[in-house]
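This is model.cif. It holds mmCIF, C-alpha atoms.
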```
data_run
loop_
_atom_site.label_atom_id
_atom_site.label_comp_id
_atom_site.auth_asym_id
_atom_site.auth_seq_id
_atom_site.Cartn_x
_atom_site.Cartn_y
_atom_site.Cartn_z
CA MET A 9 0.00 0.00 0.00
CA LYS A 10 2.81 2.40 0.93
CA VAL A 11 4.57 1.65 -2.36
CA LYS A 12 1.36 2.40 -4.29
CA ILE A 13 0.91 5.73 -2.48
CA MET A 14 4.51 6.71 -3.25
CA SER A 15 4.00 5.65 -6.88
CA ASP A 16 0.85 7.80 -7.16
CA HIS A 17 2.64 10.80 -5.64
CA TRP A 18 5.48 10.62 -8.14
CA LYS A 19 3.12 9.91 -11.05
CA TYR A 20 1.17 13.08 -10.33
CA SER A 21 4.37 14.98 -9.53
CA SER A 22 5.76 14.00 -12.93
CA MET A 23 2.55 15.06 -14.66
CA LEU A 24 2.60 18.39 -12.85
CA LEU A 25 6.27 19.00 -13.68
CA PHE A 26 5.59 18.20 -17.34
CA GLY A 27 2.67 20.65 -17.40
CA ILE A 28 4.80 23.33 -15.74
CA GLY A 29 7.60 22.69 -18.25
CA VAL A 30 5.29 23.04 -21.25
CA SER A 31 3.82 26.24 -19.81
CA ASN A 32 7.28 27.71 -19.04
CA VAL A 33 8.63 27.07 -22.53
CA GLY A 34 5.46 28.58 -24.02
CA SER A 35 5.80 31.65 -21.78
CA TRP A 36 9.32 32.36 -23.07
CA ILE A 37 8.13 31.98 -26.67
CA TYR A 38 5.25 34.38 -25.98
CA PHE A 39 7.50 36.88 -24.17
CA ILE A 40 10.04 37.13 -27.00
CA ALA A 41 7.41 37.15 -29.75
CA LEU A 42 5.38 39.86 -28.02
CA ASN A 43 8.45 42.10 -27.72
CA LEU A 44 9.14 41.72 -31.44
CA ILE A 45 5.51 42.33 -32.43
CA VAL A 46 5.33 45.61 -30.47
CA LEU A 47 8.78 46.70 -31.72
CA HIS A 48 7.80 46.03 -35.36
CA MET A 49 4.53 47.92 -34.91
CA THR A 50 6.02 50.98 -33.22
CA GLN A 51 9.78 50.97 -33.95
CA SER A 52 10.06 52.31 -30.39
CA PRO A 53 12.12 50.75 -27.56
CA LEU A 54 10.02 52.79 -25.14
CA ALA A 55 6.86 51.04 -26.36
CA VAL A 56 8.52 47.69 -25.62
CA SER A 57 9.58 48.85 -22.14
CA VAL A 58 5.93 49.52 -21.32
CA LEU A 59 5.37 45.75 -21.50
CA TYR A 60 7.74 45.35 -18.53
CA ILE A 61 5.73 47.84 -16.45
CA LEU A 62 2.40 46.12 -17.17
CA LYS A 63 3.32 42.97 -15.20
CA PRO A 64 3.89 44.56 -11.75
CA LEU A 65 0.99 46.94 -12.46
CA ALA A 66 -1.31 43.97 -13.12
CA THR A 67 -0.07 42.33 -9.91
CA ILE A 68 -0.96 45.44 -7.91
CA PHE A 69 -4.48 45.52 -9.36
CA THR A 70 -5.05 41.77 -8.99
CA ASN A 71 -3.43 40.64 -5.78
CA VAL A 72 -5.40 42.97 -3.53
CA TRP A 73 -8.37 40.62 -3.87
CA SER A 74 -7.24 37.44 -5.68
CA GLY A 75 -5.91 35.69 -2.56
CA SER A 76 -9.38 35.72 -1.05
CA LEU A 77 -10.69 33.80 -4.07
CA ILE A 78 -7.75 31.41 -4.32
CA ASP A 79 -8.10 30.13 -0.74
CA ARG A 80 -11.86 29.61 -1.16
CA LEU A 81 -12.01 28.09 -4.64
CA ASN A 82 -11.21 24.63 -5.95
CA LYS A 83 -7.55 25.15 -6.80
CA ARG A 84 -7.19 22.48 -9.48
CA ASN A 85 -10.26 23.74 -11.33
CA LEU A 86 -9.13 27.34 -10.93
CA MET A 87 -5.73 26.52 -12.45
CA VAL A 88 -7.45 24.89 -15.44
CA ILE A 89 -9.70 27.93 -15.93
CA LEU A 90 -6.76 30.33 -15.67
CA ASP A 91 -4.75 28.35 -18.25
CA ILE A 92 -7.68 28.30 -20.69
CA LEU A 93 -8.40 31.99 -20.11
CA ARG A 94 -4.77 32.92 -20.80
CA ALA A 95 -4.82 30.79 -23.96
CA ILE A 96 -7.92 32.60 -25.23
CA LEU A 97 -6.54 36.07 -24.46
CA ILE A 98 -3.19 35.26 -26.10
CA THR A 99 -4.99 33.95 -29.20
CA LEU A 100 -6.72 37.32 -29.50
CA LEU A 101 -3.43 39.31 -29.49
CA PRO A 102 -2.59 38.99 -33.23
CA LEU A 103 -6.11 40.13 -34.16
CA PHE A 104 -5.44 43.71 -33.02
CA SER A 105 -3.38 46.25 -34.95
CA SER A 106 -3.56 48.92 -32.25
CA VAL A 107 -0.80 48.99 -29.63
CA GLY A 108 -3.30 50.33 -27.10
CA TYR A 109 -5.52 47.26 -27.46
CA ILE A 110 -2.47 44.98 -27.26
CA TYR A 111 -1.42 46.68 -24.00
CA MET A 112 -4.93 46.12 -22.65
CA LEU A 113 -4.87 42.41 -23.53
CA VAL A 114 -1.35 41.99 -22.11
CA PHE A 115 -2.51 43.67 -18.91
CA LEU A 116 -5.39 41.17 -18.64
CA ILE A 117 -3.05 38.24 -19.40
CA ASN A 118 -0.70 39.43 -16.65
CA MET A 119 -3.64 39.72 -14.23
CA VAL A 120 -4.54 36.09 -14.89
CA GLY A 121 -0.88 35.10 -14.51
CA SER A 122 -0.70 36.93 -11.18
CA MET A 123 -3.50 34.71 -9.91
CA PHE A 124 -1.98 31.53 -11.30
CA GLY A 125 1.26 31.76 -9.27
CA PRO A 126 -0.25 31.70 -5.75
CA THR A 127 -2.86 29.16 -6.88
CA SER A 128 -0.27 26.70 -8.18
CA MET A 129 1.88 27.13 -5.06
CA SER A 130 -1.11 26.24 -2.86
CA TYR A 131 -1.97 23.21 -5.00
CA ILE A 132 1.63 21.98 -5.08
CA THR A 133 1.81 22.24 -1.29
CA GLN A 134 -1.36 20.16 -0.98
CA LEU A 135 -0.18 17.57 -3.51
CA ILE A 136 3.46 17.03 -2.53
CA PRO A 137 4.22 15.44 0.88
CA THR A 138 6.59 17.41 3.12
CA GLU A 139 9.50 15.00 2.77
CA GLN A 140 9.30 15.11 -1.05
CA ARG A 141 9.08 18.90 -1.43
CA PRO A 142 12.84 19.63 -1.61
CA ARG A 143 13.27 17.10 -4.42
CA PHE A 144 10.17 18.38 -6.28
CA ASN A 145 11.30 22.01 -5.94
CA SER A 146 14.80 21.18 -7.19
CA LEU A 147 13.32 19.41 -10.24
CA ASN A 148 10.96 22.32 -10.79
CA SER A 149 13.96 24.66 -10.70
CA LEU A 150 15.76 22.47 -13.24
CA ILE A 151 12.74 22.55 -15.55
CA GLY A 152 12.50 26.33 -15.21
CA SER A 153 16.19 26.58 -16.08
CA GLY A 154 15.71 24.37 -19.12
CA ALA A 155 12.82 26.55 -20.26
CA PHE A 156 15.09 29.60 -19.92
CA LEU A 157 17.36 28.11 -22.60
CA LEU A 158 14.89 26.04 -24.61
CA GLY A 159 12.18 28.70 -24.86
CA PRO A 160 14.25 31.34 -26.73
CA ALA A 161 15.79 28.61 -28.91
CA VAL A 162 12.36 27.30 -29.90
CA ALA A 163 11.20 30.88 -30.47
CA GLY A 164 14.13 31.46 -32.83
CA ILE A 165 13.27 28.32 -34.82
CA LEU A 166 9.61 29.35 -35.00
CA PHE A 167 10.62 32.79 -36.28
CA LEU A 168 12.63 31.11 -39.05
CA VAL A 169 9.79 28.87 -40.21
CA GLY A 170 6.93 31.22 -39.41
CA SER A 171 6.56 34.56 -37.65
CA PRO A 172 6.18 36.04 -34.14
CA ILE A 173 2.41 35.71 -34.58
CA PHE A 174 2.81 31.98 -35.27
CA ALA A 175 4.90 31.75 -32.07
CA ILE A 176 2.09 33.47 -30.14
CA TYR A 177 -0.35 30.75 -31.25
CA ILE A 178 2.14 28.06 -30.20
CA ASN A 179 2.10 29.50 -26.66
CA ALA A 180 -1.70 29.41 -26.62
CA ILE A 181 -1.53 25.70 -27.55
CA ALA A 182 1.05 25.13 -24.79
CA LEU A 183 -1.29 26.68 -22.22
CA LEU A 184 -4.16 24.47 -23.41
CA ILE A 185 -1.92 21.39 -23.02
CA SER A 186 -0.98 22.57 -19.53
CA GLY A 187 -4.67 23.02 -18.68
CA ILE A 188 -5.52 19.49 -19.89
CA ILE A 189 -2.69 18.00 -17.82
CA THR A 190 -3.86 19.93 -14.77
CA TRP A 191 -7.41 18.65 -15.29
CA LEU A 192 -6.06 15.09 -15.06
CA MET A 193 -4.52 15.82 -11.67
CA PRO A 194 -6.35 14.78 -8.45
CA ASP A 195 -8.98 17.13 -7.03
CA LEU A 196 -7.70 17.91 -3.53
CA ASP A 197 -10.39 20.42 -2.47
CA ARG A 198 -13.56 19.07 -0.94
CA GLN A 199 -15.56 22.22 -1.53
CA SER A 200 -16.94 23.06 -4.92
CA MET A 201 -16.55 26.57 -6.30
CA ASN A 202 -20.20 27.43 -5.75
CA GLU A 203 -20.17 26.25 -2.14
CA SER A 204 -16.99 28.14 -1.29
CA LEU A 205 -18.31 31.40 -2.74
CA LYS A 206 -21.56 31.35 -0.73
CA VAL A 207 -19.83 32.59 2.41
CA GLN A 208 -18.31 35.50 0.52
CA GLU A 209 -21.68 36.47 -1.00
CA GLN A 210 -23.38 36.40 2.40
CA ARG A 211 -20.78 38.54 4.17
CA GLY A 212 -20.08 41.02 1.38
CA THR A 213 -16.96 41.37 -0.72
CA MET A 214 -15.37 44.32 1.10
CA THR A 215 -15.92 42.73 4.50
CA VAL A 216 -14.28 39.51 3.33
CA LEU A 217 -11.31 41.37 1.84
CA LYS A 218 -10.81 43.36 5.04
CA ASP A 219 -11.00 40.21 7.16
CA ASP A 220 -8.55 38.40 4.87
CA TRP A 221 -5.98 41.20 5.06
CA ASN A 222 -6.35 41.12 8.85
CA THR A 223 -5.86 37.34 8.80
CA VAL A 224 -2.55 37.72 6.97
CA LEU A 225 -1.43 40.54 9.27
CA GLN A 226 -2.30 38.48 12.36
CA PHE A 227 -0.44 35.49 10.96
CA TYR A 228 2.67 37.60 10.40
CA ARG A 229 2.39 39.23 13.82
CA ARG A 230 2.49 35.79 15.45
CA ASN A 231 5.27 34.64 13.12
CA ILE A 232 7.63 37.58 12.81
CA SER A 233 10.54 35.39 11.70
CA ILE A 234 8.58 34.03 8.74
CA MET A 235 7.54 37.57 7.76
CA VAL A 236 11.11 38.87 7.89
CA ILE A 237 12.47 36.01 5.74
CA CYS A 238 9.68 36.47 3.16
CA PHE A 239 10.27 40.24 3.13
CA LEU A 240 14.06 39.96 2.77
CA PHE A 241 13.80 37.29 0.07
CA GLY A 242 11.30 39.40 -1.90
CA SER A 243 13.42 42.53 -1.46
CA VAL A 244 16.57 40.84 -2.81
CA PHE A 245 15.29 38.51 -5.52
CA VAL A 246 12.13 40.25 -6.70
CA VAL A 247 12.51 43.96 -6.07
CA MET A 248 16.22 44.79 -6.33
CA ALA A 249 17.10 42.05 -8.82
CA SER A 250 14.33 43.22 -11.17
CA ALA A 251 15.38 46.88 -10.78
CA VAL A 252 19.04 46.09 -11.55
CA ASP A 253 18.11 43.74 -14.41
CA SER A 254 16.08 46.53 -16.05
CA LEU A 255 19.41 48.30 -16.71
CA GLU A 256 21.22 45.14 -17.79
CA ALA A 257 21.12 45.62 -21.57
CA SER A 258 22.04 49.33 -21.33
CA PHE A 259 24.88 48.58 -18.88
CA ALA A 260 26.33 45.83 -21.09
CA THR A 261 26.23 47.87 -24.31
CA LEU A 262 26.86 51.44 -23.11
CA VAL A 263 29.22 50.90 -20.15
CA LEU A 264 30.99 47.64 -21.01
CA HIS A 265 30.79 48.41 -24.77
CA MET A 266 29.60 44.95 -25.74
CA THR A 267 28.20 44.23 -29.17
CA ASP A 268 24.71 42.74 -29.50
CA GLY A 269 26.32 39.38 -30.19
CA GLU A 270 28.47 39.55 -27.05
CA TYR A 271 25.46 40.49 -24.97
CA GLY A 272 23.59 37.51 -26.39
CA ILE A 273 26.50 35.25 -25.38
CA LEU A 274 26.43 36.81 -21.89
CA VAL A 275 22.76 35.92 -21.50
CA SER A 276 23.51 32.38 -22.74
CA ILE A 277 26.26 32.05 -20.11
CA ALA A 278 23.70 33.02 -17.45
CA GLY A 279 21.40 30.33 -18.81
CA ALA A 280 24.21 27.77 -18.66
CA GLY A 281 24.91 28.82 -15.06
CA ILE A 282 21.29 28.28 -14.12
CA ILE A 283 21.36 24.80 -15.69
CA VAL A 284 24.58 23.87 -13.83
CA GLY A 285 23.20 25.16 -10.54
CA ALA A 286 19.90 23.36 -11.03
CA ILE A 287 21.63 20.04 -11.83
CA MET A 288 23.90 20.35 -8.76
CA ASN A 289 20.86 21.28 -6.71
CA THR A 290 18.97 18.20 -7.90
CA LEU A 291 21.88 15.85 -7.20
CA PHE A 292 22.68 17.10 -3.70
CA ILE A 293 19.30 18.33 -2.46
CA ASN A 294 18.94 15.62 0.20
CA LYS A 295 22.34 16.48 1.71
CA MET A 296 21.72 20.22 2.13
CA ASP A 297 19.79 22.13 4.76
CA GLY A 298 17.08 24.36 3.31
CA LEU A 299 18.04 27.38 5.38
CA TRP A 300 21.69 27.18 4.37
CA MET A 301 20.50 27.02 0.75
CA ILE A 302 18.62 30.28 1.25
CA GLY A 303 21.36 32.12 3.15
CA LEU A 304 24.46 31.00 1.28
CA GLY A 305 22.61 31.00 -2.05
CA ALA A 306 21.59 34.61 -1.44
CA LEU A 307 25.18 35.53 -0.64
CA GLY A 308 26.38 33.80 -3.82
CA VAL A 309 23.83 35.62 -5.99
CA CYS A 310 24.82 38.96 -4.45
CA LEU A 311 28.52 38.18 -5.04
CA GLY A 312 27.76 37.49 -8.69
CA TYR A 313 25.96 40.83 -9.02
CA VAL A 314 28.91 42.62 -7.36
CA ILE A 315 31.37 41.07 -9.85
CA TYR A 316 29.05 42.12 -12.68
CA ALA A 317 28.52 45.68 -11.40
CA PHE A 318 32.25 46.37 -10.96
CA SER A 319 33.33 44.55 -14.13
CA SER A 320 35.34 46.25 -16.83
CA SER A 321 35.35 43.54 -19.48
CA PHE A 322 33.21 40.83 -21.02
CA LEU A 323 35.13 38.06 -19.20
CA ILE A 324 34.62 39.50 -15.70
CA ALA A 325 30.94 40.23 -16.39
CA ALA A 326 30.53 36.65 -17.65
CA ILE A 327 32.06 35.28 -14.43
CA GLY A 328 29.61 37.39 -12.41
CA PHE A 329 26.66 36.12 -14.45
CA LEU A 330 27.83 32.51 -14.09
CA VAL A 331 28.15 32.81 -10.28
CA LEU A 332 24.81 34.50 -9.69
CA ALA A 333 22.92 32.19 -12.06
CA CYS A 334 24.43 29.06 -10.51
CA CYS A 335 23.52 30.15 -6.96
CA LEU A 336 20.01 31.21 -7.97
CA ALA A 337 18.82 27.59 -8.28
CA PHE A 338 19.80 26.85 -4.68
CA VAL A 339 18.16 29.88 -3.12
CA ASN A 340 14.93 29.44 -5.11
CA THR A 341 14.61 25.77 -4.11
CA GLY A 342 15.42 26.54 -0.47
CA PHE A 343 12.89 29.36 -0.24
CA ALA A 344 10.14 27.44 -2.04
CA THR A 345 10.54 24.57 0.44
CA PHE A 346 10.64 26.94 3.41
CA TYR A 347 7.53 28.73 2.18
CA GLN A 348 5.57 25.51 1.62
CA ASN A 349 6.54 24.16 5.05
CA HIS A 350 5.85 27.29 7.08
CA ILE A 351 2.81 28.93 5.44
CA PRO A 352 -0.39 26.96 6.18
CA VAL A 353 -2.07 25.94 2.93
CA ASP A 354 -5.41 27.33 4.16
CA VAL A 355 -4.08 30.89 3.85
CA MET A 356 -1.28 30.37 1.32
CA GLY A 357 -3.24 32.06 -1.46
CA ARG A 358 -3.89 35.16 0.63
CA VAL A 359 -0.36 35.35 2.00
CA GLY A 360 1.23 34.83 -1.41
CA SER A 361 -1.02 37.36 -3.13
CA ILE A 362 -0.43 40.07 -0.53
CA ASN A 363 3.33 39.41 -0.60
CA ALA A 364 3.32 39.78 -4.39
CA PHE A 365 1.19 42.94 -4.14
CA ILE A 366 3.70 44.60 -1.80
CA GLU A 367 6.67 43.41 -3.86
CA ALA A 368 5.14 44.79 -7.08
CA ILE A 369 4.79 48.26 -5.54
CA PHE A 370 8.42 48.30 -4.37
CA MET A 371 9.57 46.82 -7.69
CA MET A 372 8.02 49.67 -9.66
CA VAL A 373 9.45 52.28 -7.26
CA ALA A 374 12.96 50.75 -7.33
CA THR A 375 12.94 50.32 -11.12
CA VAL A 376 11.85 53.93 -11.72
CA ALA A 377 14.33 55.23 -9.13
CA LEU A 378 17.30 53.43 -10.70
CA GLY A 379 16.17 54.46 -14.19
CA ILE A 380 16.02 58.13 -13.20
CA ALA A 381 19.38 57.86 -11.41
CA ALA A 382 20.91 56.34 -14.54
CA GLU A 383 19.69 59.30 -16.60
CA ILE A 384 20.69 62.03 -14.13
CA ILE A 385 23.85 60.68 -12.46
CA SER A 386 25.54 57.69 -14.06
CA LEU A 387 24.50 54.31 -15.41
CA ARG A 388 27.37 52.47 -13.70
CA LEU A 389 26.86 54.24 -10.36
CA SER A 390 23.14 53.45 -10.51
CA VAL A 391 23.84 49.73 -11.08
CA ILE A 392 26.46 49.72 -8.30
CA ALA A 393 24.07 51.47 -5.89
CA GLY A 394 21.31 48.96 -6.63
CA VAL A 395 23.71 46.03 -6.17
CA LEU A 396 25.05 47.39 -2.87
CA VAL A 397 21.51 47.67 -1.53
CA MET A 398 20.96 44.08 -2.68
CA VAL A 399 24.14 42.95 -0.89
CA LEU A 400 23.03 44.63 2.36
CA LEU A 401 19.66 42.88 2.18
CA GLY A 402 21.29 39.58 1.17
CA ILE A 403 23.64 39.63 4.17
CA SER A 404 20.69 40.43 6.41
CA LEU A 405 18.86 37.41 4.98
CA LEU A 406 21.88 35.15 5.59
CA VAL A 407 22.22 36.32 9.20
CA TYR A 408 18.50 36.00 9.89
CA VAL A 409 17.97 32.47 8.53
CA MET A 410 20.85 31.25 10.70
CA LYS A 411 19.04 32.36 13.85
CA GLU A 412 17.95 29.72 16.37
CA PRO A 413 14.13 29.74 15.83
CA PHE A 414 14.45 27.88 12.51
CA LYS A 415 17.49 25.65 13.02
CA GLY A 416 16.39 22.05 12.68
CA ASN A 417 12.79 23.17 12.45
CA LEU A 418 12.28 23.26 8.69
CA GLY A 419 9.00 21.57 7.84
CA ARG A 420 7.10 22.08 11.08
CA ILE A 421 3.90 24.05 11.31
CA THR A 422 2.39 24.09 14.72
CA GLU A 423 -1.25 23.34 15.32
CA ASP A 424 -1.49 26.67 17.12
CA ILE A 425 -0.79 28.53 13.87
CA THR A 426 -3.43 26.57 11.97
CA MET A 427 -6.03 27.18 14.68
CA HIS A 428 -5.52 30.92 14.64
CA ILE A 429 -5.73 31.36 10.85
CA SER A 430 -8.62 28.97 10.15
#
```
Can the structure in the file be given as structure tokens, please?
Amino acid sequence: MKVKIMSDHWKYSSMLLFGIGVSNVGSWIYFIALNLIVLHMTQSPLAVSVLYILKPLATIFTNVWSGSLIDRLNKRNLMVILDILRAILITLLPLFSSVGYIYMLVFLINMVGSMFGPTSMSYITQLIPTEQRPRFNSLNSLIGSGAFLLGPAVAGILFLVGSPIFAIYINAIALLISGIITWLMPDLDRQSMNESLKVQEQRGTMTVLKDDWNTVLQFYRRNISIMVICFLFGSVFVVMASAVDSLEASFATLVLHMTDGEYGILVSIAGAGIIVGAIMNTLFINKMDGLWMIGLGALGVCLGYVIYAFSSSFLIAAIGFLVLACCLAFVNTGFATFYQNHIPVDVMGRVGSINAFIEAIFMMVATVALGIAAEIISLRLSVIAGVLVMVLLGISLLVYVMKEPFKGNLGRITEDITMHIS
């Protein structure tokens, strides 16, 4: 019986990983194709940069309320609906010749994507037993790394045999395949969608939203250590990394004087680093402590950014990219496992959505601030300043995760926590 249960777990885990892989590759194809479509329509780099602002903006608009739905709805069914909805919206993109309409559709697609992330994290936590989560997360990281390399390669092939519009349709098909695979997964929620929404209708939407925000705040008040780790991780790897990365192409070409071809090689080196890190992570995951993966991984990523920020040649910048990309797999796996083991699944949708909402606000502020600083002061000094802030936060994360409250305690959620947030 135990063997059968383990077999079922890994069967569904494999199906889920395959669905995630298909979706990730499709997302890269869509991302590159969409950039080219907007650039061809407008001949304006600024118009393309707007696409990067739409994602955090959509997160801000969506995640205020989406967590309340995620925790109350059937998560498997919701994931299927979100995949199908994204496929439909993406299919509509090539039908519009106005950039304004394309922006509107992309904004809606990003809103749906903002809901999908917390939903899938909640479902994965329900599906994967605690002892198997590190291995699953390491494999998930490896698949994400593969998509980072495979997606652009597939996109390039599709552009040769077809067009960016053809590539857009391929992504829509990938999302439909992902939705079908998800539909074949086990239904882990006892409540149906209609039943779970009745409570919200009876109490009123605003009352429910207010209560849900209070629930998250109360959870964090009782678990300050968890809040600090989530905040520091988001500050380093979501906010500051995104802000610094927004200047990456300009820094490489204008400061380091790389050609477009050299910059492309630099990005490929980062992809290779991610693959190497993910493979090492998968091989040694059972021998590493999750908290050390977060702390030392964060330090390694920050070191890579420092090498990159102070580089004066292609070789040094490449070493920095290789270091940070390799360490990224470890810190992502460590944090995903920590998050799954310390955030009760009953409120994971709300906690994840509110975290993403706050991170999106700071991401936009940091990105705009560094962009303005690059224009007024200096591009190199702006990158260095952003990296130094990242290093300060990364060291704080390393010091904090090594504190006594979490040593040897990875994977435990007390009944007291669950009682208070139910």
Would you mind listing, for every residue of range 222-309 of chain A within 7 Å of range 357-374 of chain A, the two atoms forming the shortest contact and the distance between them in Å to one decimal, using all atoms listed in the file, sorted by chain and ascending residue number, as CSV?
```
residue,atom,partner,partner_atom,distance
A:Val224,CA,A:Val359,CA,5.9
A:Gly242,CA,A:Glu367,CA,6.4
A:Val246,CA,A:Glu367,CA,6.9
A:Val247,CA,A:Met371,CA,4.4
A:Met248,CA,A:Ala374,CA,6.9
A:Ser250,CA,A:Met371,CA,6.9
A:Ala251,CA,A:Ala374,CA,5.7
```
| query | So how many Å separate CA of Ile302 in chain A and CA of Leu406 in chain A, to one decimal? | reply |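 Interatomic distance here is 7.3 Å.
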Polymer residues at most 12 Å from range 46-53 of chain A, only C-alpha atoms, same-chain spacing of 4 or more positions, as a PDB file with C-alpha atoms, keeping the file's coordinate frame:
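Result file is selection-v1.pdb:
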```pdb
ATOM      1  CA  PHE A  39       7.500  36.880 -24.170  1.00  0.00           C
ATOM      2  CA  ILE A  40      10.040  37.130 -27.000  1.00  0.00           C
ATOM      3  CA  ALA A  41       7.410  37.150 -29.750  1.00  0.00           C
ATOM      4  CA  LEU A  42       5.380  39.860 -28.020  1.00  0.00           C
ATOM      5  CA  SER A  57       9.580  48.850 -22.140  1.00  0.00           C
ATOM      6  CA  VAL A  58       5.930  49.520 -21.320  1.00  0.00           C
ATOM      7  CA  LEU A  59       5.370  45.750 -21.500  1.00  0.00           C
ATOM      8  CA  TYR A  60       7.740  45.350 -18.530  1.00  0.00           C
ATOM      9  CA  LEU A 101      -3.430  39.310 -29.490  1.00  0.00           C
ATOM     10  CA  PRO A 102      -2.590  38.990 -33.230  1.00  0.00           C
ATOM     11  CA  PHE A 104      -5.440  43.710 -33.020  1.00  0.00           C
ATOM     12  CA  SER A 105      -3.380  46.250 -34.950  1.00  0.00           C
ATOM     13  CA  SER A 106      -3.560  48.920 -32.250  1.00  0.00           C
ATOM     14  CA  VAL A 107      -0.800  48.990 -29.630  1.00  0.00           C
ATOM     15  CA  GLY A 108      -3.300  50.330 -27.100  1.00  0.00           C
ATOM     16  CA  TYR A 109      -5.520  47.260 -27.460  1.00  0.00           C
ATOM     17  CA  ILE A 110      -2.470  44.980 -27.260  1.00  0.00           C
ATOM     18  CA  TYR A 111      -1.420  46.680 -24.000  1.00  0.00           C
ATOM     19  CA  VAL A 114      -1.350  41.990 -22.110  1.00  0.00           C
ATOM     20  CA  SER A 171       6.560  34.560 -37.650  1.00  0.00           C
ATOM     21  CA  PRO A 172       6.180  36.040 -34.140  1.00  0.00           C
ATOM     22  CA  ILE A 173       2.410  35.710 -34.580  1.00  0.00           C
ATOM     23  CA  ALA A 257      21.120  45.620 -21.570  1.00  0.00           C
ATOM     24  CA  SER A 258      22.040  49.330 -21.330  1.00  0.00           C
TER      25      SER A 258
END
```
| query | For this file, the PyMOL selection byres ((chain A and resi 241) around 9) selects which residues, as an NGL selection string? | reply | :A and (236-240 or 242-246 or 302 or 306 or 343 or 401-402 or 405)
| Minimum-distance residue to Cys334 in chain A, chosen among A:Gly308, A:Ala95, A:Gly27, A:Glu139 (using only C-alpha atoms) |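 Among A:Gly308, A:Ala95, A:Gly27, A:Glu139, it is A:Gly308 that comes nearest to Cys334 in chain A.
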| said: If we count only C-alpha atoms and set the cut-off at 12 Å, which residues sit around Leu262 in chain A, ignoring sequence neighbours fewer than 5 positions away in its own chain? Please answer as a VMD selection string. | reply: chain A and resid 255 to 257 267 to 268 271 320 382 386 to 388
| query | For this file, the PyMOL selection byres ((chain A and resi 93) around 10) selects which residues, as a ChimeraX atom specification? | reply | /A:87-92,94-99,116-117,120-121,180,183-184,187
| task | Starting from the displayed file, determine the output of the PyMOL selection byres ((chain A and resi 128-134) around 9) and express the residue list as a PyMOL selection string. | result | chain A and resi 21+24+78-79+83-84+87+123-127+135-138+141+196+344+348-349+353-357+360
| field | Given all atoms listed in the file as the counted atoms, nearest of A:Gly342, A:Gly29, A:Gly34, A:Pro64 to Asn289 in chain A | value |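 Among A:Gly342, A:Gly29, A:Gly34, A:Pro64, it is A:Gly342 that comes nearest to Asn289 in chain A.
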| Could you work out how far CA of Thr261 in chain A lies from CA of Gly394 in chain A, giving the answer in Å with one decimal? |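 So the two atoms, CA of Gly394 in chain A and CA of Thr261 in chain A, lie 18.4 Å apart.
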| message | When you count only C-alpha atoms, which of these residues is closest to Met193 in chain A: A:Asn85, A:Ile385, A:Ile351, A:Lys218? | response | A:Asn85
| query | Restricting the calculation to all atoms listed in the file, which member of A:Tyr38, A:Leu113, A:Asn118, A:Met235 is positioned closest to Leu100 in chain A? | reply |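 Comparing A:Tyr38, A:Leu113, A:Asn118, A:Met235 against Leu100 in chain A, the winner is A:Leu113.
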| field | Interatomic distance, CA of Tyr347 in chain A to CA of Phe26 in chain A (Å, one decimal) | value | 22.3 Å
| Distance query 8 Å from (19.7, 49.9, -8.8) using only C-alpha atoms, result as a ChimeraX atom specification | /A:248,251-252,374-375,377-379,390-395,397
| Selection near Ala278 in chain A, 7 Å with all atoms listed in the file, sequence-local residues under 6 positions removed, as a ChimeraX atom specification | /A:329-330,333
| Which one is closest to Asn43 in chain A: A:Ile315, A:Cys335, A:Ser76, A:Ile176? Count all atoms listed in the file. |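 Result for the nearest residue to Asn43 in chain A: A:Ile176.
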| request: Go through A:Leu65, A:Ile384, A:Val409, A:Leu44 and flag the residue nearest Met119 in chain A, using all atoms listed in the file for the distances. | output: A:Leu65
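Omitting Cys310 in chain A and its sequence neighbours fewer than 5 positions away, and counting all atoms listed in the file, the residues within 7 Å are Leu332, Met398, Val399 and Gly402 of chain A.
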With N, CA and C atoms as the goal, would you fill in the gaps in range 247-253 of chain A and present it as an mmCIF file, keeping the file's coordinate frame?
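So rebuild38.cif came out as:
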```cif
data_model
loop_
_atom_site.group_PDB
_atom_site.id
_atom_site.type_symbol
_atom_site.label_atom_id
_atom_site.label_comp_id
_atom_site.auth_asym_id
_atom_site.auth_seq_id
_atom_site.Cartn_x
_atom_site.Cartn_y
_atom_site.Cartn_z
ATOM 1 N N VAL A 247 12.462 42.504 -5.923
ATOM 2 C CA VAL A 247 12.510 43.960 -6.070
ATOM 3 C C VAL A 247 13.839 44.437 -6.646
ATOM 4 N N MET A 248 14.928 44.234 -5.903
ATOM 5 C CA MET A 248 16.220 44.790 -6.330
ATOM 6 C C MET A 248 16.773 44.086 -7.564
ATOM 7 N N ALA A 249 16.596 42.770 -7.642
ATOM 8 C CA ALA A 249 17.100 42.050 -8.820
ATOM 9 C C ALA A 249 16.389 42.538 -10.090
ATOM 10 N N SER A 250 15.078 42.732 -10.001
ATOM 11 C CA SER A 250 14.330 43.220 -11.170
ATOM 12 C C SER A 250 14.754 44.642 -11.540
ATOM 13 N N ALA A 251 14.969 45.493 -10.530
ATOM 14 C CA ALA A 251 15.380 46.880 -10.780
ATOM 15 C C ALA A 251 16.744 46.924 -11.462
ATOM 16 N N VAL A 252 17.699 46.128 -10.952
ATOM 17 C CA VAL A 252 19.040 46.090 -11.550
ATOM 18 C C VAL A 252 18.992 45.474 -12.947
ATOM 19 N N ASP A 253 18.201 44.410 -13.106
ATOM 20 C CA ASP A 253 18.110 43.740 -14.410
ATOM 21 C C ASP A 253 17.501 44.644 -15.483
#
```
